[in-house]
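Trainee: This is the content of start_4.cif (mmCIF, C-alpha atoms):
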```cif
data_coords
#
loop_
_atom_site.label_atom_id
_atom_site.label_comp_id
_atom_site.auth_asym_id
_atom_site.auth_seq_id
_atom_site.Cartn_x
_atom_site.Cartn_y
_atom_site.Cartn_z
CA MET A 20 2.99 -3.29 -19.96
CA ILE A 21 2.83 -5.66 -17.01
CA GLN A 22 0.76 -8.81 -17.38
CA VAL A 23 -0.48 -10.87 -14.47
CA ALA A 24 -0.09 -14.61 -14.98
CA ALA A 25 -1.56 -15.76 -11.68
CA THR A 26 -2.79 -14.29 -8.43
CA HIS A 27 -2.76 -15.60 -4.89
CA ARG A 28 -4.87 -13.76 -2.34
CA LEU A 29 -4.02 -14.50 1.28
CA SER A 30 -5.53 -12.84 4.29
CA ILE A 31 -3.38 -11.84 7.24
CA ASP A 32 -5.31 -12.31 10.47
CA CYS A 33 -2.76 -13.89 12.82
CA GLU A 34 0.97 -14.62 13.10
CA GLY A 35 0.46 -17.95 11.37
CA ASP A 36 -0.79 -16.08 8.31
CA ILE A 37 2.50 -14.16 8.10
CA ILE A 38 4.22 -17.51 7.79
CA ALA A 39 1.71 -18.63 5.17
CA VAL A 40 2.30 -15.49 3.11
CA ARG A 41 6.05 -15.71 3.10
CA ARG A 42 6.00 -19.44 2.48
CA ARG A 43 3.81 -18.94 -0.57
CA VAL A 44 6.16 -16.23 -1.79
CA ARG A 45 9.14 -18.52 -1.30
CA ASP A 46 7.40 -21.40 -3.11
CA ILE A 47 6.60 -19.17 -6.07
CA ALA A 48 10.15 -17.74 -6.20
CA GLU A 49 11.64 -21.23 -6.09
CA LEU A 50 9.25 -22.66 -8.68
CA ARG A 51 9.93 -19.71 -10.96
CA LYS A 52 13.65 -20.25 -10.48
CA PHE A 53 14.57 -16.99 -8.77
CA ASP A 54 18.15 -17.18 -7.50
CA SER A 55 18.62 -17.92 -3.81
CA PHE A 56 19.52 -14.33 -2.88
CA ALA A 57 16.47 -12.88 -4.62
CA THR A 58 14.31 -15.59 -3.05
CA ALA A 59 15.60 -14.75 0.44
CA ALA A 60 15.11 -11.03 -0.24
CA ILE A 61 11.49 -11.18 -1.41
CA THR A 62 10.60 -13.77 1.26
CA THR A 63 12.04 -11.61 4.03
CA ALA A 64 10.43 -8.44 2.67
CA SER A 65 7.03 -10.18 2.60
CA SER A 66 7.56 -11.29 6.19
CA GLU A 67 8.22 -7.68 7.24
CA LEU A 68 5.33 -6.20 5.29
CA ALA A 69 2.83 -8.87 6.31
CA ARG A 70 3.78 -8.28 9.94
CA ASN A 71 3.37 -4.52 9.46
CA ALA A 72 -0.14 -5.07 8.15
CA LEU A 73 -0.98 -7.29 11.13
CA VAL A 74 0.69 -5.16 13.82
CA HIS A 75 -0.39 -1.73 12.60
CA GLY A 76 -3.57 -2.60 10.70
CA GLY A 77 -4.88 -5.31 13.00
CA LYS A 78 -5.35 -7.42 9.90
CA GLY A 79 -4.69 -7.16 6.21
CA VAL A 80 -4.52 -8.82 2.85
CA ALA A 81 -1.58 -9.88 0.70
CA LEU A 82 -2.21 -10.10 -3.01
CA ILE A 83 0.65 -12.01 -4.57
CA GLU A 84 0.88 -11.80 -8.34
CA GLU A 85 3.11 -13.66 -10.73
CA VAL A 86 3.80 -10.99 -13.35
CA THR A 87 5.75 -10.49 -16.54
CA ASP A 88 6.74 -7.30 -18.32
CA GLY A 89 7.30 -9.13 -21.60
CA SER A 90 10.94 -9.96 -20.99
CA ARG A 91 11.23 -10.65 -17.28
CA LEU A 92 9.35 -12.70 -14.72
CA GLY A 93 8.52 -11.06 -11.45
CA ILE A 94 6.63 -11.37 -8.22
CA ARG A 95 4.50 -8.41 -7.26
CA ILE A 96 2.90 -8.27 -3.86
CA VAL A 97 0.37 -5.77 -2.60
CA PHE A 98 -0.07 -5.55 1.16
CA GLU A 99 -3.13 -3.68 2.29
CA ASP A 100 -4.48 -2.87 5.70
CA GLU A 101 -7.13 -0.59 7.08
CA GLY A 102 -5.11 0.58 10.04
CA PRO A 103 -4.37 4.11 11.21
CA GLY A 104 -2.03 4.80 8.28
CA ILE A 105 1.32 6.55 8.35
CA GLU A 106 1.60 10.25 9.21
CA ASP A 107 5.18 10.89 8.24
CA ILE A 108 6.15 8.61 5.34
CA PRO A 109 9.68 10.02 4.75
CA ARG A 110 10.51 9.54 8.41
CA VAL A 111 9.34 5.91 8.36
CA LEU A 112 11.26 5.20 5.15
CA ALA A 113 14.43 6.66 6.63
CA GLY A 114 14.43 3.78 9.13
CA GLY A 115 14.81 3.57 12.87
CA TYR A 116 11.42 5.08 13.66
CA THR A 117 8.79 2.89 15.26
CA THR A 118 5.45 3.08 16.97
CA ALA A 119 5.48 -0.59 17.92
CA ARG A 120 8.57 -0.90 20.13
CA SER A 121 10.28 -2.81 17.34
CA MET A 122 13.46 -1.95 15.49
CA GLY A 123 11.76 0.34 13.00
CA LEU A 124 13.62 -1.19 10.08
CA GLY A 125 10.77 -3.12 8.48
CA LEU A 126 9.72 -0.64 5.81
CA SER A 127 13.10 0.90 5.07
CA GLY A 128 14.71 -2.54 5.03
CA SER A 129 12.01 -4.03 2.79
CA LYS A 130 12.50 -1.19 0.35
CA ARG A 131 16.15 -2.14 -0.02
CA LEU A 132 15.28 -5.82 -0.47
CA VAL A 133 13.05 -5.33 -3.53
CA ASP A 134 13.38 -3.78 -6.99
CA GLU A 135 10.26 -1.65 -6.90
CA PHE A 136 8.59 -0.23 -3.84
CA ALA A 137 5.51 1.97 -3.56
CA LEU A 138 3.94 3.14 -0.34
CA GLU A 139 0.53 4.78 -0.23
CA SER A 140 -0.99 5.72 3.06
CA THR A 141 -3.79 7.95 4.18
CA PRO A 142 -3.87 8.66 7.89
CA GLY A 143 -7.07 7.16 9.24
CA SER A 144 -7.83 4.86 6.33
CA GLY A 145 -4.99 2.46 5.91
CA THR A 146 -1.75 1.64 4.18
CA LYS A 147 -0.96 -0.03 0.88
CA VAL A 148 2.53 -1.22 0.07
CA THR A 149 3.35 -2.63 -3.37
CA VAL A 150 6.66 -4.37 -3.95
CA THR A 151 8.07 -6.10 -7.02
CA LYS A 152 11.06 -8.37 -7.36
CA TRP A 153 12.25 -9.30 -10.83
CA ARG A 154 14.06 -12.46 -11.72
CA ARG A 155 17.63 -11.88 -12.78
CA PHE A 156 19.09 -13.72 -15.73
CA MET B 11 -7.87 -15.74 -12.26
CA ASP B 12 -7.74 -17.13 -8.74
CA HIS B 13 -7.92 -20.72 -9.92
CA ARG B 14 -4.66 -20.18 -11.78
CA LYS B 15 -2.72 -20.08 -8.55
CA TYR B 16 -3.21 -23.85 -8.51
CA MET B 17 -1.01 -24.07 -11.60
CA THR B 18 1.79 -22.97 -9.30
CA ILE B 19 0.75 -24.90 -6.23
CA LEU B 20 0.31 -28.14 -8.18
CA LYS B 21 3.56 -27.39 -10.06
CA LEU B 22 1.80 -27.81 -13.38
CA ASP B 23 4.19 -26.94 -16.18
CA GLU B 24 4.61 -28.40 -19.66
CA ALA B 25 6.60 -31.35 -18.34
CA ALA B 26 4.10 -32.19 -15.61
CA ILE B 27 1.23 -32.05 -18.06
CA ALA B 28 3.07 -34.26 -20.53
CA SER B 29 3.69 -36.75 -17.75
CA ARG B 30 0.03 -36.77 -16.71
CA ARG B 31 -1.11 -37.12 -20.30
CA ALA B 32 1.18 -40.11 -20.78
CA PHE B 33 -0.12 -41.79 -17.63
CA PHE B 34 -3.78 -41.17 -18.48
CA ALA B 35 -3.09 -42.33 -22.04
CA VAL B 36 -4.45 -39.15 -23.59
CA SER B 37 -2.76 -39.48 -26.97
CA ASP B 38 -2.71 -37.07 -29.90
CA GLU B 39 -4.86 -39.64 -31.67
CA ASP B 40 -7.49 -39.32 -28.91
CA LEU B 41 -7.45 -35.54 -29.23
CA ALA B 42 -7.80 -35.74 -33.00
CA ARG B 43 -10.68 -38.21 -32.65
CA LEU B 44 -12.42 -35.95 -30.15
CA ALA B 45 -11.98 -32.96 -32.46
CA SER B 46 -13.56 -34.96 -35.29
CA LEU B 47 -16.53 -35.74 -33.02
CA ARG B 48 -17.19 -32.05 -32.47
CA PRO B 49 -20.20 -31.91 -34.87
CA LEU B 50 -21.77 -34.83 -33.02
CA ALA B 51 -21.03 -33.17 -29.68
CA GLU B 52 -22.86 -30.06 -30.85
CA LYS B 53 -25.82 -32.21 -31.82
CA ILE B 54 -26.14 -34.02 -28.47
CA ILE B 55 -25.07 -31.22 -26.09
CA ASP B 56 -28.58 -29.99 -25.32
CA ALA B 57 -29.87 -33.42 -24.40
CA ILE B 58 -26.81 -34.23 -22.29
CA VAL B 59 -26.84 -30.99 -20.34
CA GLU B 60 -30.57 -31.27 -19.68
CA ASP B 61 -30.37 -34.89 -18.51
CA PHE B 62 -27.31 -34.10 -16.43
CA TYR B 63 -29.03 -31.32 -14.52
CA ALA B 64 -32.17 -33.37 -14.18
CA LEU B 65 -30.10 -35.80 -12.11
CA LEU B 66 -28.40 -33.09 -10.07
CA LEU B 67 -31.71 -31.41 -9.32
CA SER B 68 -33.38 -34.70 -8.39
CA HIS B 69 -31.00 -35.40 -5.51
CA PRO B 70 -31.36 -33.40 -2.27
CA ASP B 71 -27.60 -33.13 -1.60
CA THR B 72 -26.82 -31.66 -5.00
CA ARG B 73 -30.06 -29.73 -5.52
CA LYS B 74 -29.19 -27.29 -2.72
CA PHE B 75 -26.31 -25.89 -4.78
CA PHE B 76 -28.76 -24.55 -7.34
CA ALA B 77 -30.70 -21.92 -5.48
CA ASP B 78 -32.61 -20.30 -8.32
CA GLU B 79 -33.32 -20.33 -12.03
CA ALA B 80 -30.57 -17.80 -12.75
CA THR B 81 -27.96 -20.05 -11.11
CA ILE B 82 -29.21 -23.03 -13.08
CA ARG B 83 -29.03 -21.08 -16.33
CA ARG B 84 -25.50 -19.96 -15.50
CA VAL B 85 -24.20 -23.43 -14.60
CA LYS B 86 -25.81 -24.93 -17.66
CA ARG B 87 -23.92 -22.42 -19.78
CA THR B 88 -20.68 -23.28 -17.95
CA GLN B 89 -21.47 -26.95 -18.45
CA ARG B 90 -21.86 -26.46 -22.19
CA GLU B 91 -18.46 -24.80 -22.32
CA TYR B 92 -16.99 -27.63 -20.31
CA PHE B 93 -18.55 -30.26 -22.54
CA MET B 94 -17.39 -28.63 -25.75
CA GLY B 95 -13.91 -28.31 -24.20
CA LEU B 96 -13.67 -32.09 -24.30
CA PHE B 97 -13.96 -31.93 -28.09
CA ALA B 98 -11.56 -29.02 -28.63
CA GLY B 99 -8.80 -31.40 -29.65
CA ARG B 100 -6.19 -29.99 -27.32
CA CYS B 101 -4.77 -30.77 -23.92
CA ASP B 102 -2.14 -28.12 -23.25
CA LEU B 103 -1.35 -25.54 -20.56
CA ALA B 104 -4.34 -23.41 -21.49
CA TYR B 105 -6.63 -26.45 -21.36
CA VAL B 106 -5.35 -27.46 -17.92
CA GLU B 107 -5.71 -23.91 -16.64
CA ASP B 108 -9.31 -23.91 -17.80
CA ARG B 109 -9.96 -27.31 -16.15
CA LEU B 110 -8.60 -26.15 -12.80
CA ARG B 111 -11.59 -23.86 -12.65
CA VAL B 112 -13.81 -26.90 -12.11
CA GLY B 113 -12.17 -28.10 -8.91
CA ALA B 114 -11.52 -24.57 -7.63
CA MET B 115 -15.13 -23.55 -8.15
CA HIS B 116 -16.56 -26.69 -6.55
CA GLU B 117 -14.23 -26.36 -3.58
CA ARG B 118 -15.26 -22.70 -3.19
CA ILE B 119 -18.98 -23.47 -3.07
CA GLY B 120 -18.31 -26.45 -0.80
CA LEU B 121 -19.45 -29.22 -3.12
CA ALA B 122 -17.74 -32.37 -1.83
CA PRO B 123 -15.86 -34.62 -4.29
CA THR B 124 -18.46 -37.35 -3.71
CA TRP B 125 -21.14 -35.48 -5.63
CA TYR B 126 -18.70 -34.28 -8.19
CA LEU B 127 -17.48 -37.80 -8.93
CA GLY B 128 -21.00 -39.21 -8.93
CA ALA B 129 -22.07 -36.55 -11.39
CA TYR B 130 -19.15 -37.45 -13.63
CA ARG B 131 -20.25 -41.06 -13.72
CA GLN B 132 -23.66 -39.93 -14.90
CA TYR B 133 -22.01 -37.70 -17.43
CA LEU B 134 -20.03 -40.57 -18.91
CA GLU B 135 -23.09 -42.80 -19.04
CA LEU B 136 -25.05 -40.15 -20.93
CA ILE B 137 -22.22 -39.69 -23.42
CA ARG B 138 -22.00 -43.45 -23.90
CA GLN B 139 -25.74 -43.70 -24.62
CA HIS B 140 -25.61 -40.93 -27.20
CA PHE B 141 -22.49 -42.30 -28.86
CA ASP B 142 -24.06 -45.78 -29.08
CA ALA B 143 -27.14 -44.33 -30.69
CA GLN B 144 -25.40 -41.95 -33.10
CA LEU B 145 -22.10 -43.60 -34.04
CA THR B 146 -23.26 -46.61 -36.00
CA GLU B 147 -19.97 -47.45 -37.69
CA GLN B 148 -18.30 -50.61 -36.33
CA GLY B 149 -16.29 -49.75 -33.17
CA ALA B 150 -16.72 -46.00 -33.56
CA ALA B 151 -18.86 -45.56 -30.45
CA ARG B 152 -16.44 -47.55 -28.34
CA ASP B 153 -13.34 -45.74 -29.63
CA GLY B 154 -14.95 -42.34 -29.22
CA PHE B 155 -16.10 -43.18 -25.74
CA LEU B 156 -12.65 -44.45 -24.71
CA SER B 157 -11.12 -41.14 -25.85
CA VAL B 158 -13.70 -39.19 -23.87
CA GLN B 159 -13.07 -41.37 -20.85
CA ARG B 160 -9.31 -40.79 -20.96
CA LEU B 161 -9.69 -37.05 -21.11
CA VAL B 162 -12.42 -37.05 -18.47
CA PHE B 163 -10.22 -38.99 -16.06
CA PHE B 164 -7.41 -36.55 -16.78
CA ASP B 165 -9.84 -33.76 -15.84
CA VAL B 166 -11.08 -35.54 -12.74
CA ALA B 167 -7.50 -35.91 -11.49
CA LEU B 168 -6.98 -32.17 -11.87
CA ALA B 169 -10.18 -31.40 -10.02
CA ILE B 170 -9.32 -33.76 -7.17
CA ASP B 171 -5.80 -32.34 -6.97
CA THR B 172 -7.28 -28.87 -6.72
CA TYR B 173 -9.60 -29.98 -3.95
CA ILE B 174 -6.73 -31.47 -2.01
CA ALA B 175 -4.46 -28.49 -2.62
CA ALA B 176 -7.13 -26.12 -1.36
CA ASN B 177 -7.59 -28.22 1.76
CA LEU B 178 -3.85 -28.55 2.34
CA GLU B 179 -3.57 -24.81 2.06
CA ALA B 180 -6.03 -24.43 4.92
CA LEU B 181 -4.30 -27.16 6.92
CA GLY B 182 -0.90 -25.54 6.39
CA ARG B 183 -2.21 -22.27 7.72
CA HIS B 184 -3.44 -23.98 10.85
CA GLN B 185 -0.28 -25.99 11.34
CA ALA B 186 1.85 -22.91 10.99
CA ALA B 187 -0.27 -21.23 13.63
CA VAL B 188 0.13 -23.99 16.17
CA ARG B 189 3.72 -24.86 15.40
CA GLU B 190 5.61 -24.68 18.60
CA LEU B 191 8.85 -26.47 18.66
CA SER B 192 10.68 -27.06 21.87
CA THR B 193 13.94 -25.26 22.45
CA PRO B 194 16.50 -27.92 23.30
CA VAL B 195 19.60 -26.49 24.90
CA ILE B 196 22.50 -28.90 24.55
CA ARG B 197 25.66 -28.90 26.65
CA VAL B 198 28.56 -29.03 24.17
CA HIS B 199 31.29 -28.85 26.78
CA ASP B 200 31.77 -27.66 30.32
CA ARG B 201 30.28 -24.12 30.36
CA VAL B 202 29.51 -24.12 26.63
CA LEU B 203 25.89 -24.51 25.49
CA LEU B 204 24.29 -24.95 22.10
CA LEU B 205 20.77 -24.02 21.01
CA PRO B 206 19.91 -25.18 17.51
CA LEU B 207 16.92 -23.14 16.35
CA VAL B 208 14.69 -24.90 13.83
CA GLY B 209 11.55 -23.47 12.35
CA THR B 210 9.70 -20.26 12.68
CA VAL B 211 10.45 -17.87 15.51
CA ASP B 212 7.21 -16.14 16.42
CA SER B 213 6.65 -13.87 19.42
CA HIS B 214 5.49 -16.66 21.69
CA ARG B 215 8.37 -18.91 20.83
CA ALA B 216 10.89 -16.09 21.07
CA GLN B 217 9.85 -15.64 24.67
CA GLN B 218 10.29 -19.39 25.33
CA ILE B 219 13.72 -19.25 23.75
CA MET B 220 14.80 -16.30 25.86
CA GLU B 221 13.64 -17.92 29.10
CA SER B 222 15.10 -21.31 28.27
CA VAL B 223 18.45 -19.81 27.27
CA LEU B 224 18.76 -17.70 30.42
CA THR B 225 17.77 -20.57 32.70
CA HIS B 226 20.32 -22.90 31.14
CA VAL B 227 23.07 -20.29 31.17
CA VAL B 228 22.61 -19.81 34.90
CA GLU B 229 22.27 -23.54 35.66
CA ALA B 230 25.34 -24.52 33.67
CA GLN B 231 27.28 -21.43 34.72
CA ALA B 232 27.90 -21.13 31.02
CA ARG B 233 30.42 -18.71 29.58
CA CYS B 234 29.09 -19.06 26.10
CA ILE B 235 25.94 -20.15 24.32
CA ILE B 236 26.00 -20.92 20.63
CA ILE B 237 22.74 -20.18 18.85
CA ASP B 238 22.59 -21.89 15.49
CA ILE B 239 20.05 -20.37 13.10
CA ALA B 240 20.72 -22.62 10.09
CA GLY B 241 17.23 -24.08 10.50
CA VAL B 242 15.41 -20.75 10.67
CA PRO B 243 13.82 -20.19 7.27
CA VAL B 244 13.46 -16.42 7.41
CA VAL B 245 15.54 -14.02 9.45
CA ASP B 246 13.58 -10.79 9.46
CA THR B 247 13.82 -7.80 11.79
CA ARG B 248 11.56 -9.49 14.31
CA VAL B 249 13.80 -12.54 14.60
CA ALA B 250 16.90 -10.36 14.73
CA ASP B 251 15.32 -8.23 17.44
CA HIS B 252 14.65 -11.32 19.55
CA LEU B 253 18.19 -12.59 19.05
CA LEU B 254 19.68 -9.23 20.02
CA LYS B 255 17.54 -9.01 23.14
CA THR B 256 18.48 -12.56 24.10
CA ALA B 257 22.16 -11.73 23.59
CA ALA B 258 21.83 -8.60 25.74
CA ALA B 259 20.24 -10.59 28.57
CA VAL B 260 22.87 -13.32 28.27
CA ARG B 261 25.62 -10.67 28.57
CA LEU B 262 24.05 -9.47 31.82
CA LEU B 263 24.68 -12.97 33.15
CA GLY B 264 28.34 -12.72 32.22
CA ALA B 265 28.16 -14.98 29.18
CA GLN B 266 28.48 -14.48 25.44
CA VAL B 267 26.32 -15.44 22.49
CA VAL B 268 27.90 -16.89 19.36
CA LEU B 269 25.55 -16.86 16.40
CA THR B 270 26.19 -19.59 13.82
CA GLY B 271 24.52 -21.06 10.79
CA ILE B 272 24.25 -17.82 8.87
CA THR B 273 23.94 -18.57 5.19
CA ALA B 274 25.20 -16.23 2.47
CA GLN B 275 21.58 -15.38 1.61
CA VAL B 276 20.70 -14.55 5.21
CA ALA B 277 23.86 -12.44 5.59
CA ARG B 278 23.01 -10.39 2.53
CA THR B 279 19.38 -9.99 3.60
CA MET B 280 20.39 -8.85 7.09
CA VAL B 281 22.69 -6.20 5.67
CA GLN B 282 19.98 -4.93 3.31
CA LEU B 283 17.54 -4.76 6.18
CA GLY B 284 20.06 -2.58 7.99
CA LEU B 285 20.45 -4.98 10.92
CA ASP B 286 23.41 -4.50 13.21
CA VAL B 287 24.30 -7.70 15.02
CA SER B 288 27.82 -6.62 15.95
CA SER B 289 26.98 -7.17 19.62
CA MET B 290 27.11 -10.90 18.94
CA HIS B 291 29.97 -13.03 17.71
CA THR B 292 28.90 -14.39 14.36
CA VAL B 293 30.39 -17.16 12.29
CA SER B 294 29.07 -19.04 9.34
CA ARG B 295 29.48 -22.64 10.41
CA LEU B 296 28.60 -24.38 13.65
CA SER B 297 32.03 -26.05 13.85
CA GLU B 298 33.74 -22.66 13.82
CA GLY B 299 31.30 -21.48 16.46
CA ILE B 300 32.23 -24.38 18.71
CA GLU B 301 35.95 -23.62 18.28
CA LEU B 302 35.31 -19.97 19.07
CA ALA B 303 33.28 -20.84 22.15
CA LEU B 304 35.90 -23.29 23.42
CA GLY B 305 38.52 -20.55 22.98
CA MET B 306 36.47 -18.38 25.35
CA ILE B 307 36.88 -20.93 28.14
CA GLY B 308 40.55 -21.48 27.33
CA LYS B 309 40.09 -24.77 25.53
CA ALA B 310 40.94 -25.75 21.99
CA ILE B 311 40.40 -28.68 19.67
CA THR B 312 43.76 -30.14 18.67
CA ALA B 313 44.85 -33.12 16.64
CA LYS B 314 45.77 -36.25 18.58
CA SER B 315 49.52 -36.67 18.86
CA LYS B 316 50.70 -40.14 17.88
#
```
Would you put the structure from the file into structure tokens?
Mentor:
Amino acid sequence: MIQVAATHRLSIDCEGDIIAVRRRVRDIAELRKFDSFATAAITTASSELARNALVHGGKGVALIEEVTDGSRLGIRIVFEDEGPGIEDIPRVLAGGYTTARSMGLGLSGSKRLVDEFALESTPGSGTKVTVTKWRRF
Amino acid sequence: MDHRKYMTILKLDEAAIASRRAFFAVSDEDLARLASLRPLAEKIIDAIVEDFYALLLSHPDTRKFFADEATIRRVKRTQREYFMGLFAGRCDLAYVEDRLRVGAMHERIGLAPTWYLGAYRQYLELIRQHFDAQLTEQGAARDGFLSVQRLVFFDVALAIDTYIAANLEALGRHQAAVRELSTPVIRVHDRVLLLPLVGTVDSHRAQQIMESVLTHVVEAQARCIIIDIAGVPVVDTRVADHLLKTAAAVRLLGAQVVLTGITAQVARTMVQLGLDVSSMHTVSRLSEGIELALGMIGKAITAKSK
């Protein structure tokens, strides 16, 4: 049973907002005493996913939650956009595929950077990515 | 729930609250006294809330926040909860969390601290009047009022901090958007250049970096340019993409890029992202990068012979 201790809702409307999102994530990770590797991982993943929302969705929202499952502390982030969505999810998650002339590693790379990763997308109505990073002991 | 994010932003944990309590002189004795005044508080709450809103509704700048009867009923109910909170006899994490609501809510509806502080003054005056009238025992009204005042000031500080935090949040967003640092290319040695990157690399800046690097490489007929990324907070695929493109362009000019300042955390993150930067020379520390670059032009740093 996951409990939410605090929520931070940040909108992603420009490049500056990507920085705001990942900085908030980093601040939370540092305050909650995540180790430096986990902090770098969740910060970088949020940078990738926030950019995805902006680039592919035009704009989006990041809902950052400080969560606990009873024994561990975690950061859960939901990125949502109302963009065109993803047609071929397995292909995107395999890495190296892009529609934005970028490296095509954002989603596949982010998945490896976090502990839990869920991607929901309906072509035509947007994409929702939920990631969770737990604090190690 | 949203107001609770300020617990994090204001770094409010047990220790911080204890420190604030000590500074505002909110002692356990005060809390016990306030708890003992709870029956009195229940007796005077109606009069206080009514008088309080009479003032707020009598002033044009505060009246506009209360559009209709339903709003007034709702805020009066919230006010009662707030007032009774002062006499709950506790001042812990849960209390602080609850109090953050005040500042967060006022900031959200755009009520400036001026009106908030002015209203608090009125609040204290009303409490003082009622205490004077009801607490007839020698010194009881004064002591009770002092306890209320301590806790109220503790609350006011939280509300003001929340205001400021909310404003700083907005300011930070704007600053981040306009942050554009220059890209100073330094000549380390004949035909060896250094570009220390500090701050965020966004698309616009990445373009500046690319152009500046290429111009300097040509001008200095450089063989090697060291790009130090120790000051880049997040190396994501976008940043890596820019670096790789810059390196490719630099190679076209017959020079090499040496990437330095890679921390252990960044190295691990890059590998997990699946980034391949093998087209650049990479070393951890800037000093090693300089030695490597000097080696490329046939120079070396050696100890002075005596």
Trainee: Identify, on the basis of only C-alpha atoms, every residue whose closest approach to range 102-105 of chain B does not exceed 9 Å; exclude the query and any residue fewer than 4 positions from it along the same chain; express the result as an mmCIF file with C-alpha atoms, keeping the file's coordinate frame.
Mentor:
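New file out.cif:
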```cif
data_model
loop_
_atom_site.group_PDB
_atom_site.id
_atom_site.type_symbol
_atom_site.label_atom_id
_atom_site.label_comp_id
_atom_site.auth_asym_id
_atom_site.auth_seq_id
_atom_site.Cartn_x
_atom_site.Cartn_y
_atom_site.Cartn_z
ATOM 1 C CA LEU B 22 1.800 -27.810 -13.380
ATOM 2 C CA ASP B 23 4.190 -26.940 -16.180
ATOM 3 C CA GLU B 24 4.610 -28.400 -19.660
ATOM 4 C CA ILE B 27 1.230 -32.050 -18.060
ATOM 5 C CA ALA B 28 3.070 -34.260 -20.530
ATOM 6 C CA GLY B 95 -13.910 -28.310 -24.200
ATOM 7 C CA ARG B 109 -9.960 -27.310 -16.150
ATOM 8 C CA LEU B 110 -8.600 -26.150 -12.800
#
```
Trainee: Within 6 Å of chain B, which residues of chain A are there when counting all atoms listed in the file? Please give them as a list of chain:residue names.
Mentor: A:Ala25, A:Thr26, A:His27, A:Gly35, A:Ala39, A:Phe56, A:Ala60, A:Thr63, A:Gly128, A:Arg131
Trainee: If I take CA of Leu127 in chain B and CA of Gly113 in chain B, how far is one from the other in Å, to one decimal?
Mentor: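 Straight-line distance from CA of Leu127 in chain B to CA of Gly113 in chain B works out to 11.1 Å.
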Trainee: Could you give me, as a list in words, the residues within 12 Å of Ala113 in chain A, counting all atoms listed in the file and dropping anything in the same chain fewer than 2 positions from it?
Mentor: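 Result of the neighbour search: Asp107, Ile108, Pro109, Arg110, Val111, Gly115, Tyr116, Thr117, Gly123, Leu124, Gly125, Leu126, Ser127, Gly128, Ser129, Lys130 and Arg131 of chain A; Leu283 and Gly284 of chain B.
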Trainee: How would the residues just chosen look if you wrote them out with C-alpha atoms as a CSV table (one decimal), in the coordinates of the input?
Mentor:
```csv
chain,number,residue,atom,x,y,z
A,107,ASP,CA,5.2,10.9,8.2
A,108,ILE,CA,6.2,8.6,5.3
A,109,PRO,CA,9.7,10.0,4.8
A,110,ARG,CA,10.5,9.5,8.4
A,111,VAL,CA,9.3,5.9,8.4
A,115,GLY,CA,14.8,3.6,12.9
A,116,TYR,CA,11.4,5.1,13.7
A,117,THR,CA,8.8,2.9,15.3
A,123,GLY,CA,11.8,0.3,13.0
A,124,LEU,CA,13.6,-1.2,10.1
A,125,GLY,CA,10.8,-3.1,8.5
A,126,LEU,CA,9.7,-0.6,5.8
A,127,SER,CA,13.1,0.9,5.1
A,128,GLY,CA,14.7,-2.5,5.0
A,129,SER,CA,12.0,-4.0,2.8
A,130,LYS,CA,12.5,-1.2,0.4
A,131,ARG,CA,16.2,-2.1,0.0
B,283,LEU,CA,17.5,-4.8,6.2
B,284,GLY,CA,20.1,-2.6,8.0
```
Trainee: Counting all atoms listed in the file, which residue out of A:Pro142, A:Gly93, A:Gly114, A:Pro103 sits closest to Arg155 in chain A?
Mentor: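 Smallest distance to Arg155 in chain A is found for A:Gly93.
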Trainee: So which one's closest to Ser30 in chain A, A:Ala137, A:Met122, A:Ala81, A:Val44? Using all atoms listed in the file, please.
Mentor: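 Smallest separation from Ser30 in chain A among the options: A:Ala81.
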Trainee: I'd like the interatomic distance between CA of Asp56 in chain B and CA of Glu135 in chain B, to a tenth of an Å.
Mentor: 15.3 Å
Trainee: May I ask for the distance between CA of Ala230 in chain B and CA of Ala313 in chain B, given in Å to one decimal place?
Mentor: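 Separation of CA of Ala230 in chain B and CA of Ala313 in chain B: 27.3 Å.
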Trainee: Just the residues within 12 Å of Asp71 in chain B, please, counting only C-alpha atoms, with nothing from its chain fewer than 2 positions along; format it as a PyMOL selection string.
Mentor: chain B and resi 65-69+73-76+120-122+124-126+128-129
Trainee: Applying the PyMOL selection byres ((chain A and resi 65-75) around 6) to the file I just gave you, which residues come out? Please list them as a list in words.
Mentor: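 Selected by the PyMOL selection byres ((chain A and resi 65-75) around 6) here: Ile37, Arg41, Thr62, Thr63, Ala64, Gly76, Gly77, Lys78, Gly79, Asp100, Gly102 and Gly125 of chain A.
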Trainee: Step by step, work through what the PyMOL selection byres ((chain B and resi 256) around 9) selects in the shown file, and finish by giving those residues as a short mmCIF file (atom, residue, chain, number, x, y, z; two decimals) with C-alpha atoms, in the coordinates of the input.
Mentor:
```cif
data_model
loop_
_atom_site.label_atom_id
_atom_site.label_comp_id
_atom_site.auth_asym_id
_atom_site.auth_seq_id
_atom_site.Cartn_x
_atom_site.Cartn_y
_atom_site.Cartn_z
CA ALA B 216 10.89 -16.09 21.07
CA ILE B 219 13.72 -19.25 23.75
CA MET B 220 14.80 -16.30 25.86
CA GLU B 221 13.64 -17.92 29.10
CA VAL B 223 18.45 -19.81 27.27
CA LEU B 224 18.76 -17.70 30.42
CA ASP B 251 15.32 -8.23 17.44
CA HIS B 252 14.65 -11.32 19.55
CA LEU B 253 18.19 -12.59 19.05
CA LEU B 254 19.68 -9.23 20.02
CA LYS B 255 17.54 -9.01 23.14
CA ALA B 257 22.16 -11.73 23.59
CA ALA B 258 21.83 -8.60 25.74
CA ALA B 259 20.24 -10.59 28.57
CA VAL B 260 22.87 -13.32 28.27
CA ARG B 261 25.62 -10.67 28.57
CA VAL B 267 26.32 -15.44 22.49
#
```
